[in-house]
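The file entry-v8.cif contains mmCIF, C-alpha atoms and all ligand atoms:
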data_work
#
loop_
_atom_site.label_atom_id
_atom_site.label_comp_id
_atom_site.auth_asym_id
_atom_site.auth_seq_id
_atom_site.Cartn_x
_atom_site.Cartn_y
_atom_site.Cartn_z
CA MET A 1 23.10 56.08 -124.90
CA LYS A 2 25.31 54.04 -127.20
CA THR A 3 24.69 54.03 -130.91
CA ASN A 4 25.34 51.56 -133.71
CA ILE A 5 27.34 52.30 -136.83
CA LEU A 6 26.74 51.06 -140.36
CA ILE A 7 29.80 51.36 -142.58
CA VAL A 8 29.13 51.29 -146.32
CA GLY A 9 31.94 49.70 -148.35
CA SER A 10 34.18 46.63 -148.40
CA GLY A 11 37.79 47.81 -148.55
CA GLY A 12 40.72 48.23 -146.21
CA ARG A 13 39.59 51.80 -145.60
CA GLU A 14 36.22 50.60 -144.32
CA HIS A 15 37.80 47.92 -142.11
CA ALA A 16 40.11 50.56 -140.61
CA LEU A 17 37.26 53.05 -140.02
CA GLY A 18 35.17 50.35 -138.35
CA TRP A 19 38.10 49.16 -136.23
CA LYS A 20 38.66 52.70 -134.96
CA LEU A 21 34.97 53.46 -134.38
CA SER A 22 34.44 50.18 -132.51
CA GLN A 23 36.90 51.44 -129.86
CA SER A 24 34.64 54.38 -129.00
CA GLN A 25 32.78 54.29 -125.65
CA SER A 26 29.79 55.71 -127.52
CA VAL A 27 29.58 52.91 -130.10
CA ASP A 28 27.80 49.63 -129.57
CA THR A 29 27.86 47.46 -132.73
CA VAL A 30 29.60 48.24 -136.03
CA TYR A 31 27.87 46.75 -139.07
CA TYR A 32 29.39 46.64 -142.54
CA CYS A 33 27.64 46.71 -145.89
CA PRO A 34 28.94 44.53 -147.42
CA GLY A 35 32.25 44.38 -145.49
CA ASN A 36 34.86 41.70 -146.15
CA GLY A 37 36.43 38.56 -144.68
CA GLY A 38 38.01 40.50 -141.85
CA THR A 39 34.85 42.28 -140.66
CA ILE A 40 31.92 40.85 -138.74
CA ASN A 41 28.25 41.87 -138.75
CA ASN A 42 28.28 42.02 -142.55
CA LEU A 43 25.13 42.80 -144.54
CA SER A 44 24.83 41.44 -148.04
CA TYR A 45 23.29 44.51 -149.70
CA SER A 46 24.93 46.34 -152.56
CA ILE A 47 26.52 49.69 -151.67
CA THR A 48 24.03 51.40 -153.96
CA ASP A 49 20.91 49.69 -152.61
CA PHE A 50 19.93 52.82 -150.71
CA SER A 51 16.48 51.66 -149.66
CA LYS A 52 17.79 48.49 -147.96
CA ILE A 53 20.59 50.43 -146.27
CA LYS A 54 18.08 53.00 -145.09
CA SER A 55 15.63 50.42 -143.66
CA PHE A 56 18.41 48.61 -141.82
CA ALA A 57 19.82 51.83 -140.38
CA ILE A 58 16.41 52.99 -139.16
CA LYS A 59 15.55 49.63 -137.62
CA ASN A 60 18.92 49.25 -135.90
CA ASN A 61 19.51 52.81 -134.74
CA CYS A 62 22.64 53.23 -136.88
CA ILE A 63 24.65 56.24 -137.89
CA VAL A 64 25.77 55.56 -141.48
CA VAL A 65 29.39 56.22 -142.46
CA VAL A 66 30.07 55.97 -146.19
CA GLY A 67 33.51 54.79 -147.37
CA PRO A 68 33.73 54.88 -151.19
CA GLU A 69 32.85 57.59 -153.71
CA GLU A 70 30.30 55.66 -155.77
CA PRO A 71 27.33 55.79 -153.37
CA LEU A 72 28.22 59.39 -152.45
CA THR A 73 28.23 60.63 -156.03
CA LYS A 74 25.00 58.67 -156.63
CA GLY A 75 23.29 60.54 -153.81
CA ILE A 76 23.16 58.21 -150.80
CA VAL A 77 23.34 61.21 -148.46
CA ASN A 78 20.60 63.10 -150.34
CA GLU A 79 18.38 60.05 -150.08
CA LEU A 80 18.98 59.02 -146.47
CA SER A 81 19.66 62.21 -144.54
CA GLU A 82 16.03 63.11 -143.97
CA ARG A 83 15.42 60.04 -141.81
CA ILE A 84 18.82 59.07 -140.44
CA SER A 85 22.21 60.45 -139.45
CA ILE A 86 24.63 59.87 -142.32
CA PHE A 87 28.21 61.05 -142.67
CA GLY A 88 29.40 62.13 -146.11
CA PRO A 89 28.78 64.78 -148.77
CA THR A 90 25.62 65.16 -150.86
CA SER A 91 25.88 64.33 -154.56
CA GLU A 92 26.15 68.07 -155.28
CA ALA A 93 29.16 68.42 -152.96
CA ALA A 94 30.60 65.12 -154.22
CA ARG A 95 31.05 66.71 -157.67
CA LEU A 96 34.45 67.78 -156.35
CA GLU A 97 35.47 64.19 -157.11
CA ALA A 98 32.85 63.14 -159.66
CA SER A 99 33.77 65.80 -162.22
CA LYS A 100 37.34 66.93 -162.75
CA SER A 101 36.20 69.91 -164.85
CA PHE A 102 33.83 70.97 -162.06
CA ALA A 103 36.65 70.70 -159.52
CA LYS A 104 39.15 72.56 -161.72
CA ASN A 105 36.71 75.41 -162.46
CA PHE A 106 35.81 75.60 -158.77
CA MET A 107 39.49 75.96 -157.86
CA LYS A 108 40.08 78.57 -160.55
CA GLN A 109 37.07 80.63 -159.43
CA ASN A 110 38.22 80.49 -155.83
CA SER A 111 41.96 81.04 -156.40
CA ILE A 112 42.91 77.62 -155.04
CA SER A 113 46.30 76.57 -156.38
CA THR A 114 45.99 73.93 -159.13
CA PRO A 115 47.90 73.24 -162.39
CA GLU A 116 46.84 75.18 -165.53
CA PHE A 117 44.13 73.37 -167.48
CA THR A 118 41.60 73.44 -170.32
CA SER A 119 38.49 71.23 -170.71
CA PHE A 120 37.37 69.72 -174.03
CA SER A 121 34.25 67.93 -175.20
CA ASP A 122 35.48 67.66 -178.82
CA PRO A 123 38.38 65.22 -179.38
CA GLU A 124 39.61 67.08 -182.49
CA LYS A 125 39.88 70.36 -180.57
CA ALA A 126 41.66 68.50 -177.78
CA LYS A 127 44.19 67.13 -180.30
CA ASP A 128 44.69 70.59 -181.86
CA PHE A 129 45.52 71.85 -178.39
CA VAL A 130 48.09 69.06 -177.89
CA TYR A 131 49.79 69.99 -181.21
CA SER A 132 49.81 73.67 -180.25
CA THR A 133 51.61 73.44 -176.90
CA ASP A 134 55.16 72.63 -175.84
CA LYS A 135 54.20 71.89 -172.25
CA SER A 136 54.25 68.41 -170.67
CA LEU A 137 50.65 67.30 -170.27
CA VAL A 138 48.34 65.13 -168.22
CA ILE A 139 45.07 63.95 -169.78
CA LYS A 140 42.15 63.26 -167.42
CA ALA A 141 38.74 61.75 -168.04
CA ASP A 142 36.23 64.11 -166.44
CA GLY A 143 34.20 61.49 -164.57
CA LEU A 144 34.93 58.61 -162.21
CA ALA A 145 37.18 55.92 -163.69
CA ALA A 146 38.27 53.84 -160.68
CA GLY A 147 41.57 55.76 -160.52
CA LYS A 148 42.48 54.79 -164.09
CA GLY A 149 41.25 57.79 -166.06
CA VAL A 150 44.44 59.85 -165.72
CA VAL A 151 47.33 59.58 -168.19
CA VAL A 152 50.58 61.30 -167.30
CA CYS A 153 52.13 61.84 -170.75
CA GLU A 154 55.81 61.62 -171.69
CA ASN A 155 55.24 63.05 -175.17
CA LYS A 156 52.61 64.21 -177.67
CA GLU A 157 51.98 60.68 -178.88
CA ASP A 158 50.95 59.60 -175.36
CA ALA A 159 48.58 62.55 -175.19
CA LEU A 160 46.98 61.80 -178.58
CA ASN A 161 46.61 58.12 -177.65
CA ALA A 162 45.00 59.08 -174.35
CA ILE A 163 42.47 61.30 -176.14
CA ASP A 164 41.62 58.40 -178.49
CA SER A 165 41.26 55.93 -175.66
CA ILE A 166 39.17 58.17 -173.40
CA MET A 167 37.04 60.16 -175.89
CA ILE A 168 36.81 57.99 -179.01
CA ARG A 169 37.13 54.39 -177.83
CA LYS A 170 35.26 55.40 -174.64
CA ASN A 171 37.32 53.16 -172.38
CA PHE A 172 35.68 54.77 -169.36
CA GLY A 173 32.21 55.12 -170.90
CA ASN A 174 30.49 58.45 -170.37
CA SER A 175 33.17 59.47 -167.86
CA GLY A 176 35.21 60.33 -170.96
CA ASN A 177 32.68 62.59 -172.71
CA VAL A 178 34.73 65.51 -171.44
CA ILE A 179 38.45 65.60 -170.67
CA VAL A 180 40.65 67.96 -168.77
CA ILE A 181 44.10 68.61 -170.22
CA GLU A 182 46.40 69.78 -167.49
CA GLU A 183 49.97 71.01 -167.31
CA ARG A 184 52.21 68.28 -165.92
CA LEU A 185 54.06 69.20 -162.74
CA PHE A 186 57.00 67.45 -161.12
CA GLY A 187 57.37 66.95 -157.40
CA GLU A 188 56.33 64.82 -154.45
CA GLU A 189 52.72 64.01 -153.68
CA VAL A 190 51.05 64.10 -150.30
CA SER A 191 47.49 63.38 -149.19
CA LEU A 192 45.87 65.86 -146.85
CA ILE A 193 42.50 64.86 -145.47
CA GLY A 194 40.21 66.84 -143.19
CA ILE A 195 36.88 66.19 -141.54
CA SER A 196 34.28 68.87 -142.26
CA ASP A 197 30.79 69.76 -141.05
CA GLY A 198 30.20 72.20 -143.91
CA SER A 199 31.67 75.24 -142.10
CA THR A 200 34.62 74.02 -140.05
CA ILE A 201 37.36 71.64 -141.15
CA ILE A 202 39.67 69.77 -138.78
CA PRO A 203 42.77 68.30 -140.44
CA MET A 204 43.96 64.72 -140.08
CA ALA A 205 47.63 63.75 -139.94
CA THR A 206 49.35 63.84 -143.35
CA ALA A 207 49.99 60.66 -145.34
CA GLN A 208 51.61 59.56 -148.57
CA ASP A 209 50.55 56.65 -150.71
CA HIS A 210 52.39 54.58 -153.32
CA LYS A 211 50.16 54.54 -156.40
CA ARG A 212 52.28 52.57 -158.88
CA ILE A 213 52.34 48.78 -158.90
CA TYR A 214 56.14 48.25 -158.90
CA ASP A 215 59.00 49.37 -156.65
CA ASN A 216 60.52 52.82 -157.22
CA ASP A 217 57.12 54.10 -158.35
CA THR A 218 57.14 52.35 -161.72
CA GLY A 219 54.46 50.52 -163.72
CA PRO A 220 50.76 51.31 -164.00
CA ASN A 221 48.72 53.18 -161.39
CA THR A 222 46.73 51.14 -158.88
CA GLY A 223 44.31 52.00 -156.12
CA GLY A 224 47.41 52.27 -153.89
CA MET A 225 50.02 49.66 -152.94
CA GLY A 226 50.90 51.07 -149.55
CA SER A 227 51.06 54.22 -147.48
CA PHE A 228 52.62 55.86 -144.50
CA SER A 229 51.86 58.65 -142.05
CA PRO A 230 53.04 61.28 -141.31
CA SER A 231 54.61 62.74 -144.43
CA LYS A 232 57.81 64.69 -143.85
CA ILE A 233 57.55 66.77 -147.00
CA ILE A 234 55.29 69.43 -145.47
CA SER A 235 56.79 71.65 -142.76
CA ASP A 236 54.58 72.90 -139.89
CA ASP A 237 54.43 76.35 -141.50
CA SER A 238 53.40 75.10 -144.89
CA PHE A 239 50.87 72.74 -143.26
CA THR A 240 49.10 75.74 -141.71
CA ASP A 241 49.29 77.57 -145.00
CA ILE A 242 47.76 74.63 -146.89
CA ILE A 243 44.97 74.31 -144.34
CA ASN A 244 44.12 78.02 -144.71
CA LYS A 245 44.61 78.49 -148.44
CA ILE A 246 43.29 75.15 -149.66
CA MET A 247 41.23 73.19 -147.13
CA LYS A 248 39.37 76.03 -145.36
CA LYS A 249 38.98 77.95 -148.61
CA THR A 250 37.38 74.90 -150.24
CA VAL A 251 34.93 74.40 -147.39
CA HIS A 252 33.98 78.09 -147.27
CA ALA A 253 33.50 78.32 -151.03
CA MET A 254 31.36 75.16 -151.10
CA LYS A 255 29.17 76.65 -148.38
CA LYS A 256 28.89 79.96 -150.25
CA ASN A 257 27.76 78.01 -153.34
CA TYR A 258 24.93 76.40 -151.30
CA THR A 259 26.58 72.97 -151.55
CA PRO A 260 28.17 72.63 -148.11
CA PHE A 261 30.71 69.84 -147.83
CA VAL A 262 30.17 67.42 -144.94
CA GLY A 263 32.49 64.42 -144.70
CA PHE A 264 36.12 63.57 -145.26
CA LEU A 265 37.63 66.06 -147.72
CA TYR A 266 40.81 64.77 -149.35
CA ALA A 267 43.19 67.02 -151.27
CA GLY A 268 45.74 65.15 -153.39
CA LEU A 269 48.61 67.64 -153.41
CA MET A 270 51.82 67.91 -155.35
CA ILE A 271 54.61 69.97 -153.82
CA GLU A 272 56.29 71.34 -156.93
CA LYS A 273 59.99 70.47 -156.97
CA ASP A 274 61.50 73.86 -157.86
CA THR A 275 59.18 76.28 -156.08
CA GLN A 276 58.04 74.00 -153.20
CA LYS A 277 54.58 75.42 -153.87
CA PRO A 278 51.60 73.10 -153.20
CA TYR A 279 49.12 72.40 -156.01
CA VAL A 280 45.86 70.46 -155.77
CA LEU A 281 45.91 67.63 -158.34
CA GLU A 282 42.57 66.24 -157.26
CA TYR A 283 39.90 66.26 -154.62
CA ASN A 284 38.40 63.10 -153.21
CA VAL A 285 35.20 63.27 -151.22
CA ARG A 286 36.13 60.41 -148.90
CA MET A 287 39.03 58.96 -146.96
CA GLY A 288 41.96 57.68 -149.00
CA ASP A 289 42.55 53.97 -149.32
CA PRO A 290 45.22 52.97 -148.18
CA GLU A 291 45.95 56.30 -146.42
CA CYS A 292 43.10 55.64 -143.99
CA GLN A 293 44.82 52.60 -142.45
CA PRO A 294 47.96 54.32 -141.03
CA ILE A 295 45.94 57.43 -140.17
CA MET A 296 43.48 55.39 -138.07
CA MET A 297 46.35 53.58 -136.33
CA ARG A 298 47.86 56.94 -135.33
CA MET A 299 44.65 58.66 -134.20
CA LYS A 300 44.43 59.10 -130.44
CA SER A 301 41.09 60.96 -130.36
CA ASP A 302 37.67 59.34 -130.50
CA LEU A 303 36.74 59.51 -134.19
CA PHE A 304 33.08 58.95 -133.36
CA ASN A 305 32.80 62.38 -131.65
CA TYR A 306 34.16 64.07 -134.77
CA ILE A 307 31.79 62.22 -137.07
CA LYS A 308 28.81 62.97 -134.82
CA CYS A 309 29.67 66.69 -134.64
CA SER A 310 30.24 66.84 -138.40
CA ILE A 311 26.73 65.54 -138.98
CA SER A 312 25.23 67.99 -136.47
CA GLY A 313 27.29 70.96 -137.71
CA THR A 314 29.05 71.45 -134.36
CA LEU A 315 32.64 70.59 -135.21
CA HIS A 316 33.77 74.02 -133.94
CA THR A 317 33.09 72.80 -130.38
CA LEU A 318 35.79 70.10 -130.61
CA PRO A 319 39.56 70.48 -130.11
CA PRO A 320 42.06 69.53 -132.84
CA LEU A 321 42.47 65.79 -133.35
CA GLU A 322 45.25 64.20 -131.30
CA TRP A 323 47.82 61.81 -132.77
CA TYR A 324 50.37 59.30 -131.58
CA GLU A 325 53.84 60.54 -132.50
CA ASN A 326 54.76 57.07 -133.81
CA PRO A 327 54.70 56.78 -137.59
CA ALA A 328 52.66 54.03 -139.23
CA VAL A 329 53.26 52.10 -142.45
CA CYS A 330 50.70 50.07 -144.42
CA VAL A 331 51.96 47.45 -146.90
CA VAL A 332 49.27 46.25 -149.30
CA MET A 333 49.42 42.53 -150.15
CA ALA A 334 47.79 42.00 -153.53
CA GLU A 335 46.97 39.15 -155.88
CA LYS A 336 49.77 38.76 -158.43
CA GLY A 337 48.61 40.29 -161.71
CA TYR A 338 46.72 43.17 -160.08
CA PRO A 339 45.76 45.78 -161.38
CA ASP A 340 45.04 43.74 -164.54
CA ASN A 341 44.09 40.07 -164.38
CA PHE A 342 44.38 38.13 -161.18
CA GLU A 343 43.10 34.99 -159.48
CA LYS A 344 40.61 34.90 -156.65
CA ARG A 345 39.61 32.46 -153.93
CA ASN A 346 43.07 31.41 -152.78
CA VAL A 347 43.14 30.32 -149.13
CA ILE A 348 45.13 32.79 -147.00
CA HIS A 349 47.42 31.21 -144.39
CA GLY A 350 49.02 32.85 -141.38
CA LEU A 351 46.32 35.33 -140.42
CA ASN A 352 46.27 33.85 -136.91
CA SER A 353 50.05 34.17 -136.39
CA SER A 354 51.11 36.10 -133.32
CA PHE A 355 51.32 39.76 -134.24
CA GLY A 356 52.40 42.49 -131.83
CA TYR A 357 49.93 45.02 -130.39
CA ASN A 358 51.39 47.55 -132.85
CA ILE A 359 50.33 45.49 -135.90
CA LYS A 360 46.91 45.42 -137.49
CA ILE A 361 45.95 43.36 -140.52
CA PHE A 362 43.21 45.28 -142.30
CA HIS A 363 41.31 43.18 -144.82
CA ALA A 364 40.25 44.45 -148.26
CA GLY A 365 39.60 41.86 -151.01
CA THR A 366 38.89 38.89 -148.72
CA LEU A 367 35.97 36.57 -148.16
CA ARG A 368 35.20 34.29 -145.24
CA ASN A 369 34.31 30.71 -146.23
CA ASN A 370 33.59 28.51 -143.17
CA ASN A 371 36.90 28.52 -141.29
CA ASP A 372 38.95 29.84 -144.20
CA VAL A 373 39.62 33.35 -145.38
CA LEU A 374 39.94 33.52 -149.18
CA THR A 375 41.38 36.17 -151.46
CA TYR A 376 38.54 37.96 -153.21
CA GLY A 377 39.96 41.04 -154.91
CA GLY A 378 43.10 42.66 -156.26
CA ARG A 379 44.18 44.37 -153.08
CA VAL A 380 43.79 41.71 -150.43
CA LEU A 381 45.26 42.94 -147.14
CA GLY A 382 46.72 46.14 -145.70
CA VAL A 383 49.34 45.06 -143.17
CA THR A 384 49.78 48.10 -140.96
CA ALA A 385 52.35 48.74 -138.22
CA LEU A 386 53.15 51.52 -135.79
CA GLY A 387 56.85 51.93 -135.00
CA LYS A 388 59.28 54.02 -132.96
CA ASP A 389 60.25 55.67 -136.21
CA LEU A 390 59.49 55.10 -139.88
CA THR A 391 62.31 52.56 -140.31
CA HIS A 392 61.00 50.55 -137.37
CA ALA A 393 57.39 50.77 -138.60
CA ARG A 394 58.55 49.51 -142.01
CA SER A 395 60.43 46.56 -140.60
CA GLU A 396 57.53 45.64 -138.30
CA ALA A 397 55.07 45.75 -141.22
CA TYR A 398 57.32 43.62 -143.45
CA GLU A 399 57.95 41.09 -140.64
CA ALA A 400 54.18 40.68 -140.37
CA VAL A 401 53.80 40.40 -144.15
CA LYS A 402 56.26 37.48 -144.16
CA LYS A 403 53.93 35.50 -141.88
CA ILE A 404 51.05 35.62 -144.38
CA HIS A 405 50.84 33.49 -147.54
CA TRP A 406 48.50 32.28 -150.21
CA GLY A 407 51.03 30.88 -152.71
CA LYS A 408 54.46 32.06 -153.74
CA ASN A 409 53.44 32.81 -157.30
CA ARG A 410 50.09 34.21 -156.33
CA GLU A 411 50.89 36.99 -153.89
CA TYR A 412 52.59 40.30 -154.57
CA TYR A 413 53.63 43.31 -152.54
CA ARG A 414 56.01 46.21 -153.02
CA LYS A 415 59.25 46.03 -151.05
CA ASP A 416 59.82 49.80 -150.78
CA ILE A 417 56.73 51.08 -148.98
CA GLY A 418 57.68 53.99 -146.73
CA LEU A 419 61.22 54.26 -148.10
CA LYS A 420 60.52 57.61 -149.73
CA GLY A 421 59.56 58.91 -146.28
P1 LIG B 1 44.38 62.51 -160.07
O1 LIG B 1 43.33 61.44 -160.06
O2 LIG B 1 43.98 63.74 -160.78
O3 LIG B 1 45.01 62.77 -158.74
O4 LIG B 1 45.61 61.84 -160.86
C1 LIG B 1 46.16 60.59 -160.49
C2 LIG B 1 47.64 60.69 -160.42
O5 LIG B 1 48.17 61.20 -161.65
C3 LIG B 1 48.17 61.67 -159.37
O6 LIG B 1 48.22 61.10 -158.10
C4 LIG B 1 49.52 62.00 -159.92
O7 LIG B 1 50.45 60.97 -159.65
C5 LIG B 1 49.27 62.05 -161.40
N1 LIG B 1 48.95 63.43 -161.82
C6 LIG B 1 47.73 64.00 -161.91
N2 LIG B 1 47.81 65.27 -162.31
C7 LIG B 1 49.12 65.54 -162.49
C8 LIG B 1 49.84 66.72 -162.88
N3 LIG B 1 49.23 67.85 -163.23
N4 LIG B 1 51.19 66.60 -162.96
C9 LIG B 1 51.83 65.46 -162.65
N5 LIG B 1 51.19 64.32 -162.26
C10 LIG B 1 49.85 64.36 -162.17
N1 LIG B 2 44.94 56.36 -152.32
C1 LIG B 2 44.32 57.24 -153.22
C2 LIG B 2 42.86 57.26 -153.13
O1 LIG B 2 42.26 56.78 -152.19
O2 LIG B 2 42.24 57.79 -154.05
#
How would this structure read if it were set down as C-alpha cells?
Ligand code: AMP
Ligand code: GLY
Amino acid sequence: MKTNILIVGSGGREHALGWKLSQSQSVDTVYYCPGNGGTINNLSYSITDFSKIKSFAIKNNCIVVVGPEEPLTKGIVNELSERISIFGPTSEAARLEASKSFAKNFMKQNSISTPEFTSFSDPEKAKDFVYSTDKSLVIKADGLAAGKGVVVCENKEDALNAIDSIMIRKNFGNSGNVIVIEERLFGEEVSLIGISDGSTIIPMATAQDHKRIYDNDTGPNTGGMGSFSPSKIISDDSFTDIINKIMKKTVHAMKKNYTPFVGFLYAGLMIEKDTQKPYVLEYNVRMGDPECQPIMMRMKSDLFNYIKCSISGTLHTLPPLEWYENPAVCVVMAEKGYPDNFEKRNVIHGLNSSFGYNIKIFHAGTLRNNNDVLTYGGRVLGVTALGKDLTHARSEAYEAVKKIHWGKNREYYRKDIGLKG
C-alpha cells in the first residue's frame, strides 16, 4: 500500500526532500507544511503547531518528515510519535544541536575529536579566560541562533565584543546565557550526514557548503550560499575512519545514554590543515540546507525505504545508499541585502525557461500568488545541476541561474560556488 508524506518546513531542503520522496513507488502524495512557492499540497499551519500537524497526519495516513531544527528541539517527535510515524530525533536527542555545551561535553566524554573548549555562564569569567590565553578563539552562543551565534575571532577585542553581544546585550536572547569558548582551528570544512535508526547509521555522500555571503568566503555568515557534492577533501580511507570514529560512535553513545538518535545526523567537520585530522565543529540534527539539494540530486536509492526503516529501527536490513557518480552543484539565488535587510515580493521571471533534465530549481523563500511566483525570503532559490564533472555541473548551474531574474539590483548570488572543489 502506498503512503503519504508530510514534510515539515519551507526551505530548499524541504523542497529537495519532497522532490526525492515523490519519486518513490511507495509514496502517493507529498504534503508540505507550510512549503513554499515551488511546492504543491501546502498546508498553512505553523511548523510548531504540533496538534494541527498531528491531526492532519492521522487523517491523511502520512509519515511525517521534519526538515528544520526548531520543531525537533521543541519536541515534535516526542509529541507525535505515539500516534504516527515521524522521522527525526526526540528533543532529548536534538540537544546535540540545541546546546553547544551539551554537544561539546558529549564529545569529550566519548572521545570524539573536537576542538578544545570551556563553557561559561559568567561573562566576567569568560573575559578573564580570553585575557589569559594566547590561542585564537571562537565564541559560540550555547543555544540556537539561526546560524548567527558563532564568532570566529581575529583578536582578543573580537572575543570580548562577542562576549558582550551574546551574554550582556543578549543578542540571541536566552541562547546566550551560556557560551562555549573554543580553540580556533584552520582548515577546510566538510559536511557529513548520515541517516540513523538509533543503532545503525548509513552515510550519505559528502558535501561542502559556502557559508559566507561574498565570493572567496568573505563577509558575514549566512544559512549557506551554495553547495556541492561530493567533497574531494576526504579520501576513502579517512571517510571510513570518520564514519567509525565519529558517526557510529555518536550513535552508539546516544543509545547508551538512553537518548537514541533517529533522523539525519549531520557532523560539520573541519579537516585541520597541518595534521589533516578531522574535528567536529558542530552537530546538526537534520539535513543541511543547502547540502541537501545536491545530495538528493545524486541519490540513486529510494530515500523512502531508508526513512521507513529508520523509524522502525530496521536500517541494518538495508544496503548502503547508492549514488550517481556525477557531481552536483547548488547555487543559491538570494535577495540582495541578505543576510541583513532585503526586499520581498518581487516577481520572479524565467522559472518556466527550458532547463535540461540535469537541472532542478529548488524553491526556498518563494510564494505563489495567482500565476506569479514572488520572492518571500532571503534565500530564494537553489539552482542545482548534475554534471559530467564538477566544472560541468558548475557551468550548467550558472547557465540556469542566468535564465532567472527578479531585478538586476534585487538579486544576488555568489559566482564561485563549487570552485573550491
Ligand atoms: P558552528 O555552528 O559551530 O559550526 O560554527 C559555524 C561556523 O563557524 C563553522 O562552519 C566554521 O566556519 C566556524 N567555526 C566554528 N568553530 C570553529 C573553530 N573551532 N575553528 C574555526 N572555525 C570555526
Ligand atoms: N548549511 C549548513 C546548515 O544547514 O546548517
ask   = In Å to one decimal, how far is CA of Thr206 in chain A from CA of Glu399 in chain A?
value = 24.5 Å
Emit as lines of an AutoDock Vina configuration file the padded axis-aligned box for all listed atoms of range 147-163 of chain A, 4 Å per side, with centre and edge lengths in Å to one decimal.
center_x = 48.5
center_y = 59.5
center_z = -169.7
size_x = 22.6
size_y = 17.4
size_z = 26.4
request  = Using only C-alpha atoms, pick whichever of A:Met1, A:Ala146, A:Ile202, A:Val27 has the shortest atom-to-atom distance to Leu265 in chain A.
outcome  = A:Ile202
request  = Tell me, as a list in words, which residues lie within 9 Å of Ala162 in chain A, counting only C-alpha atoms; anything in the same chain fewer than 6 positions away does not count.
outcome  = Ile139, Lys140, Val150, Val151 and Cys153 of chain A
request  = With only C-alpha atoms and all ligand atoms counted, collect every polymer residue having an atom within 6 Å of ligand LIG 1 (chain B); state the result as an MDAnalysis selection string.
outcome  = chainID A and resid 115 138 147 150 152 182:186 268 281:282
Residue selection dump (C-alpha atoms) as a PDB file, in the coordinates of the input:
ATOM      1  CA  PRO A 115      47.900  73.240-162.390  1.00  0.00           C
ATOM      2  CA  VAL A 138      48.340  65.130-168.220  1.00  0.00           C
ATOM      3  CA  GLY A 147      41.570  55.760-160.520  1.00  0.00           C
ATOM      4  CA  VAL A 150      44.440  59.850-165.720  1.00  0.00           C
ATOM      5  CA  VAL A 152      50.580  61.300-167.300  1.00  0.00           C
ATOM      6  CA  GLU A 182      46.400  69.780-167.490  1.00  0.00           C
ATOM      7  CA  GLU A 183      49.970  71.010-167.310  1.00  0.00           C
ATOM      8  CA  ARG A 184      52.210  68.280-165.920  1.00  0.00           C
ATOM      9  CA  LEU A 185      54.060  69.200-162.740  1.00  0.00           C
ATOM     10  CA  PHE A 186      57.000  67.450-161.120  1.00  0.00           C
ATOM     11  CA  GLY A 268      45.740  65.150-153.390  1.00  0.00           C
ATOM     12  CA  LEU A 281      45.910  67.630-158.340  1.00  0.00           C
ATOM     13  CA  GLU A 282      42.570  66.240-157.260  1.00  0.00           C
TER      14      GLU A 282
END
key: Test item: residues no farther than 9 Å from ligand LIG 2 (chain B), counting only C-alpha atoms and all ligand atoms, as a VMD selection string   = chain A and resid 13 68 146 to 147 191 208 to 211 222 to 227 266 268 283 to 284 286 to 292
note = Shortest contact to Gly143 in chain A, candidates A:Ala126, A:Val178, A:Val64, A:Leu318, atoms counted all atoms listed in the file, goes to A:Val178
